[in-house]
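coords-v3.cif follows; it contains mmCIF, N, CA and C atoms.
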data_target
#
loop_
_atom_site.label_atom_id
_atom_site.label_comp_id
_atom_site.auth_asym_id
_atom_site.auth_seq_id
_atom_site.Cartn_x
_atom_site.Cartn_y
_atom_site.Cartn_z
N MET A 1 2.90 5.38 15.63
CA MET A 1 1.56 5.83 15.31
C MET A 1 1.50 7.33 15.12
N ARG A 2 2.38 8.07 15.77
CA ARG A 2 2.37 9.53 15.66
C ARG A 2 2.84 10.03 14.29
N ALA A 3 3.81 9.39 13.70
CA ALA A 3 4.39 9.86 12.44
C ALA A 3 3.36 10.02 11.33
N PRO A 4 2.48 9.04 11.08
CA PRO A 4 1.50 9.22 10.01
C PRO A 4 0.56 10.40 10.25
N VAL A 5 0.19 10.63 11.50
CA VAL A 5 -0.71 11.74 11.80
C VAL A 5 -0.05 13.07 11.50
N LEU A 6 1.21 13.24 11.89
CA LEU A 6 1.93 14.49 11.63
C LEU A 6 2.12 14.70 10.13
N THR A 7 2.39 13.65 9.41
CA THR A 7 2.56 13.75 7.96
C THR A 7 1.30 14.28 7.29
N VAL A 8 0.16 13.84 7.74
CA VAL A 8 -1.11 14.28 7.17
C VAL A 8 -1.28 15.78 7.32
N PHE A 9 -0.81 16.37 8.41
CA PHE A 9 -0.97 17.79 8.65
C PHE A 9 0.17 18.62 8.07
N ILE A 10 1.37 18.10 8.02
CA ILE A 10 2.53 18.87 7.57
C ILE A 10 2.59 18.97 6.06
N LEU A 11 2.34 17.90 5.34
CA LEU A 11 2.46 17.94 3.89
C LEU A 11 1.55 18.97 3.23
N PRO A 12 0.28 19.08 3.58
CA PRO A 12 -0.54 20.12 2.95
C PRO A 12 -0.03 21.52 3.27
N LEU A 13 0.49 21.74 4.46
CA LEU A 13 1.03 23.06 4.81
C LEU A 13 2.29 23.36 4.02
N ALA A 14 3.11 22.38 3.78
CA ALA A 14 4.34 22.60 3.02
C ALA A 14 4.01 23.04 1.60
N ALA A 15 2.96 22.53 1.02
CA ALA A 15 2.58 22.92 -0.34
C ALA A 15 2.19 24.39 -0.40
N CYS A 16 1.67 24.94 0.67
CA CYS A 16 1.27 26.35 0.69
C CYS A 16 2.46 27.29 0.65
N ALA A 17 3.62 26.83 1.07
CA ALA A 17 4.79 27.69 1.16
C ALA A 17 5.52 27.84 -0.17
N VAL A 18 5.19 27.05 -1.15
CA VAL A 18 5.87 27.10 -2.44
C VAL A 18 5.32 28.26 -3.25
N PRO A 19 6.20 29.16 -3.75
CA PRO A 19 5.73 30.28 -4.56
C PRO A 19 5.07 29.79 -5.84
N VAL A 20 4.07 30.52 -6.30
CA VAL A 20 3.33 30.15 -7.50
C VAL A 20 4.20 30.27 -8.73
N GLY A 21 4.87 31.38 -8.91
CA GLY A 21 5.67 31.59 -10.10
C GLY A 21 7.04 32.12 -9.76
N GLY A 22 7.96 31.25 -9.53
CA GLY A 22 9.31 31.66 -9.18
C GLY A 22 10.20 31.72 -10.40
N PRO A 23 11.49 31.90 -10.18
CA PRO A 23 12.42 32.06 -11.29
C PRO A 23 12.47 30.87 -12.23
N ASP A 24 12.23 29.67 -11.74
CA ASP A 24 12.30 28.49 -12.60
C ASP A 24 11.03 28.27 -13.40
N SER A 25 9.94 28.93 -13.02
CA SER A 25 8.67 28.65 -13.67
C SER A 25 8.48 29.39 -14.99
N ILE A 26 9.14 30.52 -15.18
CA ILE A 26 8.91 31.28 -16.41
C ILE A 26 10.15 31.56 -17.23
N GLY A 27 11.33 31.26 -16.70
CA GLY A 27 12.56 31.60 -17.38
C GLY A 27 12.88 33.06 -17.12
N PRO A 28 13.72 33.65 -17.97
CA PRO A 28 14.12 35.04 -17.73
C PRO A 28 12.94 36.00 -17.87
N LEU A 29 13.01 37.10 -17.14
CA LEU A 29 11.97 38.12 -17.23
C LEU A 29 12.07 38.85 -18.56
N ALA A 30 10.95 39.36 -19.01
CA ALA A 30 10.92 40.17 -20.23
C ALA A 30 11.65 41.48 -19.96
N SER A 31 12.14 42.11 -20.99
CA SER A 31 12.78 43.41 -20.86
C SER A 31 11.72 44.49 -21.02
N VAL A 32 11.62 45.36 -20.04
CA VAL A 32 10.64 46.44 -20.07
C VAL A 32 11.38 47.75 -19.81
N GLU A 33 11.33 48.64 -20.76
CA GLU A 33 12.05 49.90 -20.63
C GLU A 33 11.55 50.70 -19.43
N GLY A 34 12.49 51.14 -18.61
CA GLY A 34 12.17 51.96 -17.45
C GLY A 34 11.98 51.18 -16.16
N TYR A 35 11.99 49.84 -16.25
CA TYR A 35 11.76 49.01 -15.06
C TYR A 35 12.73 47.83 -15.06
N THR A 36 13.04 47.37 -13.86
CA THR A 36 13.82 46.15 -13.72
C THR A 36 13.10 45.23 -12.75
N GLY A 37 13.27 43.96 -12.95
CA GLY A 37 12.66 42.97 -12.07
C GLY A 37 13.66 41.89 -11.74
N ALA A 38 13.52 41.33 -10.56
CA ALA A 38 14.38 40.23 -10.13
C ALA A 38 13.58 39.35 -9.17
N PHE A 39 14.01 38.10 -9.06
CA PHE A 39 13.39 37.18 -8.13
C PHE A 39 14.25 37.07 -6.88
N SER A 40 13.60 37.05 -5.74
CA SER A 40 14.30 36.81 -4.48
C SER A 40 14.55 35.31 -4.36
N ALA A 41 15.31 34.92 -3.35
CA ALA A 41 15.57 33.50 -3.11
C ALA A 41 14.28 32.73 -2.82
N GLU A 42 13.27 33.43 -2.29
CA GLU A 42 11.99 32.79 -1.98
C GLU A 42 11.05 32.74 -3.18
N GLY A 43 11.43 33.35 -4.31
CA GLY A 43 10.59 33.34 -5.50
C GLY A 43 9.73 34.58 -5.66
N ALA A 44 9.87 35.56 -4.78
CA ALA A 44 9.09 36.80 -4.90
C ALA A 44 9.66 37.65 -6.04
N LEU A 45 8.77 38.29 -6.78
CA LEU A 45 9.18 39.20 -7.84
C LEU A 45 9.35 40.59 -7.24
N MET A 46 10.53 41.18 -7.42
CA MET A 46 10.82 42.53 -6.91
C MET A 46 10.96 43.45 -8.12
N VAL A 47 10.14 44.49 -8.16
CA VAL A 47 10.09 45.40 -9.31
C VAL A 47 10.60 46.77 -8.88
N ARG A 48 11.51 47.32 -9.68
CA ARG A 48 12.06 48.66 -9.43
C ARG A 48 11.88 49.52 -10.66
N ARG A 49 11.75 50.80 -10.42
CA ARG A 49 11.73 51.79 -11.50
C ARG A 49 13.18 52.19 -11.75
N SER A 50 13.59 52.29 -12.99
CA SER A 50 14.99 52.60 -13.31
C SER A 50 15.38 54.01 -12.92
N ALA A 51 14.53 54.97 -13.15
CA ALA A 51 14.87 56.37 -12.86
C ALA A 51 14.70 56.66 -11.37
N GLN A 52 13.56 57.14 -11.00
CA GLN A 52 13.27 57.47 -9.60
C GLN A 52 12.64 56.26 -8.92
N PRO A 53 13.05 55.92 -7.70
CA PRO A 53 12.45 54.77 -7.02
C PRO A 53 10.94 54.92 -6.87
N PHE A 54 10.25 53.79 -6.82
CA PHE A 54 8.81 53.80 -6.58
C PHE A 54 8.51 54.42 -5.23
N GLY A 55 7.34 55.02 -5.13
CA GLY A 55 6.81 55.46 -3.86
C GLY A 55 5.70 54.50 -3.46
N TYR A 56 5.24 54.64 -2.22
CA TYR A 56 4.18 53.77 -1.73
C TYR A 56 2.91 53.91 -2.56
N ASP A 57 2.69 55.10 -3.12
CA ASP A 57 1.47 55.37 -3.89
C ASP A 57 1.53 54.89 -5.34
N ALA A 58 2.61 54.21 -5.73
CA ALA A 58 2.78 53.79 -7.12
C ALA A 58 2.51 52.30 -7.32
N GLY A 59 1.66 51.72 -6.50
CA GLY A 59 1.37 50.29 -6.60
C GLY A 59 0.75 49.88 -7.93
N ALA A 60 -0.14 50.71 -8.46
CA ALA A 60 -0.79 50.37 -9.75
C ALA A 60 0.24 50.37 -10.88
N GLU A 61 1.13 51.36 -10.88
CA GLU A 61 2.19 51.41 -11.89
C GLU A 61 3.11 50.20 -11.74
N ALA A 62 3.45 49.85 -10.52
CA ALA A 62 4.33 48.71 -10.27
C ALA A 62 3.68 47.41 -10.74
N LYS A 63 2.38 47.28 -10.53
CA LYS A 63 1.68 46.08 -10.97
C LYS A 63 1.66 45.99 -12.50
N ARG A 64 1.45 47.13 -13.17
CA ARG A 64 1.50 47.11 -14.65
C ARG A 64 2.89 46.70 -15.13
N ALA A 65 3.93 47.22 -14.49
CA ALA A 65 5.30 46.85 -14.85
C ALA A 65 5.54 45.37 -14.57
N ALA A 66 5.05 44.87 -13.44
CA ALA A 66 5.22 43.45 -13.10
C ALA A 66 4.51 42.57 -14.12
N ASN A 67 3.32 42.95 -14.54
CA ASN A 67 2.61 42.19 -15.58
C ASN A 67 3.43 42.12 -16.85
N ALA A 68 4.02 43.23 -17.25
CA ALA A 68 4.85 43.27 -18.46
C ALA A 68 6.12 42.43 -18.27
N LEU A 69 6.75 42.54 -17.12
CA LEU A 69 7.97 41.76 -16.85
C LEU A 69 7.68 40.26 -16.84
N CYS A 70 6.51 39.89 -16.38
CA CYS A 70 6.11 38.47 -16.32
C CYS A 70 5.56 37.97 -17.65
N ARG A 71 5.56 38.80 -18.65
CA ARG A 71 5.02 38.46 -19.97
C ARG A 71 3.54 38.11 -19.90
N GLY A 72 2.81 38.90 -19.12
CA GLY A 72 1.37 38.71 -19.10
C GLY A 72 0.72 38.90 -17.75
N ALA A 73 1.14 38.14 -16.74
CA ALA A 73 0.42 38.24 -15.47
C ALA A 73 1.32 37.96 -14.28
N VAL A 74 1.29 38.91 -13.36
CA VAL A 74 1.94 38.71 -12.07
C VAL A 74 0.90 38.05 -11.16
N ALA A 75 1.35 37.21 -10.25
CA ALA A 75 0.45 36.57 -9.28
C ALA A 75 0.27 37.53 -8.11
N SER A 76 -0.54 38.54 -8.32
CA SER A 76 -0.74 39.59 -7.32
C SER A 76 -1.74 39.14 -6.27
N GLY A 77 -1.60 39.69 -5.08
CA GLY A 77 -2.52 39.36 -4.00
C GLY A 77 -2.35 40.31 -2.83
N PRO A 78 -3.04 40.06 -1.74
CA PRO A 78 -2.99 40.96 -0.59
C PRO A 78 -1.62 41.00 0.10
N GLU A 79 -0.73 40.07 -0.22
CA GLU A 79 0.60 40.06 0.38
C GLU A 79 1.56 41.02 -0.32
N ASP A 80 1.20 41.55 -1.48
CA ASP A 80 2.07 42.48 -2.20
C ASP A 80 2.44 43.62 -1.26
N ASN A 81 3.69 44.06 -1.33
CA ASN A 81 4.10 45.11 -0.41
C ASN A 81 5.18 45.99 -1.01
N PHE A 82 5.37 47.12 -0.37
CA PHE A 82 6.33 48.13 -0.77
C PHE A 82 7.44 48.19 0.27
N ARG A 83 8.69 48.18 -0.22
CA ARG A 83 9.82 48.28 0.70
C ARG A 83 11.03 48.84 -0.04
N GLU A 84 11.62 49.88 0.53
CA GLU A 84 12.87 50.46 0.05
C GLU A 84 12.86 50.79 -1.45
N GLY A 85 11.81 51.45 -1.90
CA GLY A 85 11.75 51.91 -3.28
C GLY A 85 11.37 50.87 -4.31
N GLN A 86 10.96 49.71 -3.87
CA GLN A 86 10.54 48.66 -4.81
C GLN A 86 9.24 48.03 -4.34
N TRP A 87 8.51 47.50 -5.31
CA TRP A 87 7.29 46.75 -4.98
C TRP A 87 7.62 45.28 -5.06
N ILE A 88 7.11 44.52 -4.10
CA ILE A 88 7.41 43.10 -4.00
C ILE A 88 6.12 42.30 -4.14
N PHE A 89 6.15 41.34 -5.06
CA PHE A 89 5.01 40.47 -5.32
C PHE A 89 5.44 39.06 -4.88
N PRO A 90 5.11 38.67 -3.65
CA PRO A 90 5.61 37.41 -3.07
C PRO A 90 5.28 36.15 -3.86
N ARG A 91 4.19 36.16 -4.63
CA ARG A 91 3.81 34.95 -5.37
C ARG A 91 4.45 34.87 -6.75
N GLY A 92 5.27 35.86 -7.12
CA GLY A 92 5.97 35.83 -8.41
C GLY A 92 5.03 36.00 -9.59
N CYS A 93 5.37 35.34 -10.67
CA CYS A 93 4.57 35.41 -11.89
C CYS A 93 3.55 34.29 -11.93
N ALA A 94 2.42 34.57 -12.55
CA ALA A 94 1.35 33.56 -12.65
C ALA A 94 1.67 32.54 -13.73
#

Could you quickly redo this structure as structure tokens?
Amino acid sequence: MRAPVLTVFILPLAACAVPVGGPDSIGPLASVEGYTGAFSAEGALMVRRSAQPFGYDAGAEAKRAANALCRGAVASGPEDNFREGQWIFPRGCA
């Protein structure tokens, strides 16, 4: 009797953990001069500036680059973060 109850609660939560736009959802990233992008194993889009690394204050520039790399729209949200000279968009491309 316990198994069906746990399934009801676990399955909806598992769906929340799946990235919106990972590497398999859009194919290769677009080429954007001055920026590089890559997907993490979890499906997060990591954006770097080719010349000088991004600073914490360059979030708007990073989002514009991510939009271009995603060929239109990055799935941006409050989880976006800055780490080690790159901006990370956990939900990937829209």

Residues selected by the PyMOL selection byres (((chain A and resi 32 and name CA) around 8) and name CA), written as a PyMOL selection string: chain A and resi 30-31+33-36+65+68-69

Grab the residues selected above and save them as a compact mmCIF listing (two decimals), in the frame of the given file with N, CA and C atoms.
# COMPACT_ATOMS: atom_id res chain seq x y z
N ALA A 30 10.95 39.36 -19.01
CA ALA A 30 10.92 40.17 -20.23
C ALA A 30 11.65 41.48 -19.96
N SER A 31 12.14 42.11 -20.99
CA SER A 31 12.78 43.41 -20.86
C SER A 31 11.72 44.49 -21.02
N GLU A 33 11.33 48.64 -20.76
CA GLU A 33 12.05 49.90 -20.63
C GLU A 33 11.55 50.70 -19.43
N GLY A 34 12.49 51.14 -18.61
CA GLY A 34 12.17 51.96 -17.45
C GLY A 34 11.98 51.18 -16.16
N TYR A 35 11.99 49.84 -16.25
CA TYR A 35 11.76 49.01 -15.06
C TYR A 35 12.73 47.83 -15.06
N THR A 36 13.04 47.37 -13.86
CA THR A 36 13.82 46.15 -13.72
C THR A 36 13.10 45.23 -12.75
N ALA A 65 3.93 47.22 -14.49
CA ALA A 65 5.30 46.85 -14.85
C ALA A 65 5.54 45.37 -14.57
N ALA A 68 4.02 43.23 -17.25
CA ALA A 68 4.85 43.27 -18.46
C ALA A 68 6.12 42.43 -18.27
N LEU A 69 6.75 42.54 -17.12
CA LEU A 69 7.97 41.76 -16.85
C LEU A 69 7.68 40.26 -16.84

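Around A:Gln86, within 6.5 Å and counting only N, CA and C atoms, the residues found are Met46, Val47, Arg48, Arg49, Pro53, Phe54 and Asn81 of chain A, once anything fewer than 5 positions away on its own chain is removed.
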
Chain and number of each residue from the PyMOL selection byres ((chain A and resi 88) around 6.5), as a ChimeraX atom specification: /A:44-47,79-83,86-87,89-91

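Atom CA of A:Gly37 lies 19.5 Å from atom CA of A:Pro78.
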
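One finds atom CA of A:Asp57 at 20.6 Å from atom CA of A:Gly92.
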
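Distance-wise, atom CA of A:Cys93 and atom CA of A:Lys63 end up 11.1 Å apart.
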
Centre and size of axis-aligned box enclosing stretch 49-65 of chain A plus 6 Å each side, as lines of an AutoDock Vina configuration file:
center_x = 7.3
center_y = 51.4
center_z = -8.4
size_x = 28.2
size_y = 24.1
size_z = 25.4

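In terms of minimum interatomic distance to A:Val74, A:Leu29 ranks closest within A:Tyr56, A:Ala41, A:Ala51, A:Leu29, counting only C-alpha atoms.
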
Using DSSP on the backbone, list every residue of stretch 22-60 of chain A that comes out as alpha helix (DSSP H), and give them as a list in words. Pro23, Asp24, Ser25, Ile26, Gly59 and Ala60 of chain A

Using the incomplete input, complete stretch 67-85 of chain A to the level of N, CA, C and O atoms; output as a CSV table (one decimal), in the coordinates of the input.
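Final output, saved to selection_34.csv:
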chain,number,residue,atom,x,y,z
A,67,ASN,N,3.3,43.0,-14.5
A,67,ASN,CA,2.6,42.2,-15.6
A,67,ASN,C,3.4,42.1,-16.8
A,67,ASN,O,3.5,41.1,-17.5
A,68,ALA,N,4.0,43.2,-17.2
A,68,ALA,CA,4.8,43.3,-18.5
A,68,ALA,C,6.1,42.4,-18.3
A,68,ALA,O,6.5,41.7,-19.2
A,69,LEU,N,6.8,42.5,-17.1
A,69,LEU,CA,8.0,41.8,-16.8
A,69,LEU,C,7.7,40.3,-16.8
A,69,LEU,O,8.5,39.5,-17.2
A,70,CYS,N,6.5,39.9,-16.4
A,70,CYS,CA,6.1,38.5,-16.3
A,70,CYS,C,5.6,38.0,-17.6
A,70,CYS,O,5.1,36.8,-17.7
A,71,ARG,N,5.6,38.8,-18.6
A,71,ARG,CA,5.0,38.5,-20.0
A,71,ARG,C,3.5,38.1,-19.9
A,71,ARG,O,3.1,37.2,-20.5
A,72,GLY,N,2.8,38.9,-19.1
A,72,GLY,CA,1.4,38.7,-19.1
A,72,GLY,C,0.7,38.9,-17.8
A,72,GLY,O,-0.2,39.7,-17.6
A,73,ALA,N,1.1,38.1,-16.7
A,73,ALA,CA,0.4,38.2,-15.5
A,73,ALA,C,1.3,38.0,-14.3
A,73,ALA,O,2.0,36.9,-14.2
A,74,VAL,N,1.3,38.9,-13.4
A,74,VAL,CA,1.9,38.7,-12.1
A,74,VAL,C,0.9,38.0,-11.2
A,74,VAL,O,-0.3,38.3,-11.3
A,75,ALA,N,1.4,37.2,-10.2
A,75,ALA,CA,0.4,36.6,-9.3
A,75,ALA,C,0.3,37.5,-8.1
A,75,ALA,O,0.9,37.4,-7.1
A,76,SER,N,-0.5,38.5,-8.3
A,76,SER,CA,-0.7,39.6,-7.3
A,76,SER,C,-1.7,39.1,-6.3
A,76,SER,O,-2.6,38.3,-6.5
A,77,GLY,N,-1.6,39.7,-5.1
A,77,GLY,CA,-2.5,39.4,-4.0
A,77,GLY,C,-2.4,40.3,-2.8
A,77,GLY,O,-1.6,41.3,-2.9
A,78,PRO,N,-3.0,40.1,-1.7
A,78,PRO,CA,-3.0,41.0,-0.6
A,78,PRO,C,-1.6,41.0,0.1
A,78,PRO,O,-1.4,41.9,0.9
A,79,GLU,N,-0.7,40.1,-0.2
A,79,GLU,CA,0.6,40.1,0.4
A,79,GLU,C,1.6,41.0,-0.3
A,79,GLU,O,2.7,41.2,0.2
A,80,ASP,N,1.2,41.6,-1.5
A,80,ASP,CA,2.1,42.5,-2.2
A,80,ASP,C,2.4,43.6,-1.3
A,80,ASP,O,1.6,44.1,-0.5
A,81,ASN,N,3.7,44.1,-1.3
A,81,ASN,CA,4.1,45.1,-0.4
A,81,ASN,C,5.2,46.0,-1.0
A,81,ASN,O,5.8,45.7,-2.0
A,82,PHE,N,5.4,47.1,-0.4
A,82,PHE,CA,6.3,48.1,-0.8
A,82,PHE,C,7.4,48.2,0.3
A,82,PHE,O,7.2,48.2,1.5
A,83,ARG,N,8.7,48.2,-0.2
A,83,ARG,CA,9.8,48.3,0.7
A,83,ARG,C,11.0,48.8,0.0
A,83,ARG,O,11.4,48.4,-1.1
A,84,GLU,N,11.6,49.9,0.5
A,84,GLU,CA,12.9,50.5,0.0
A,84,GLU,C,12.9,50.8,-1.4
A,84,GLU,O,13.8,50.4,-2.2
A,85,GLY,N,11.8,51.4,-1.9
A,85,GLY,CA,11.8,51.9,-3.3
A,85,GLY,C,11.4,50.9,-4.3
A,85,GLY,O,11.4,51.1,-5.5
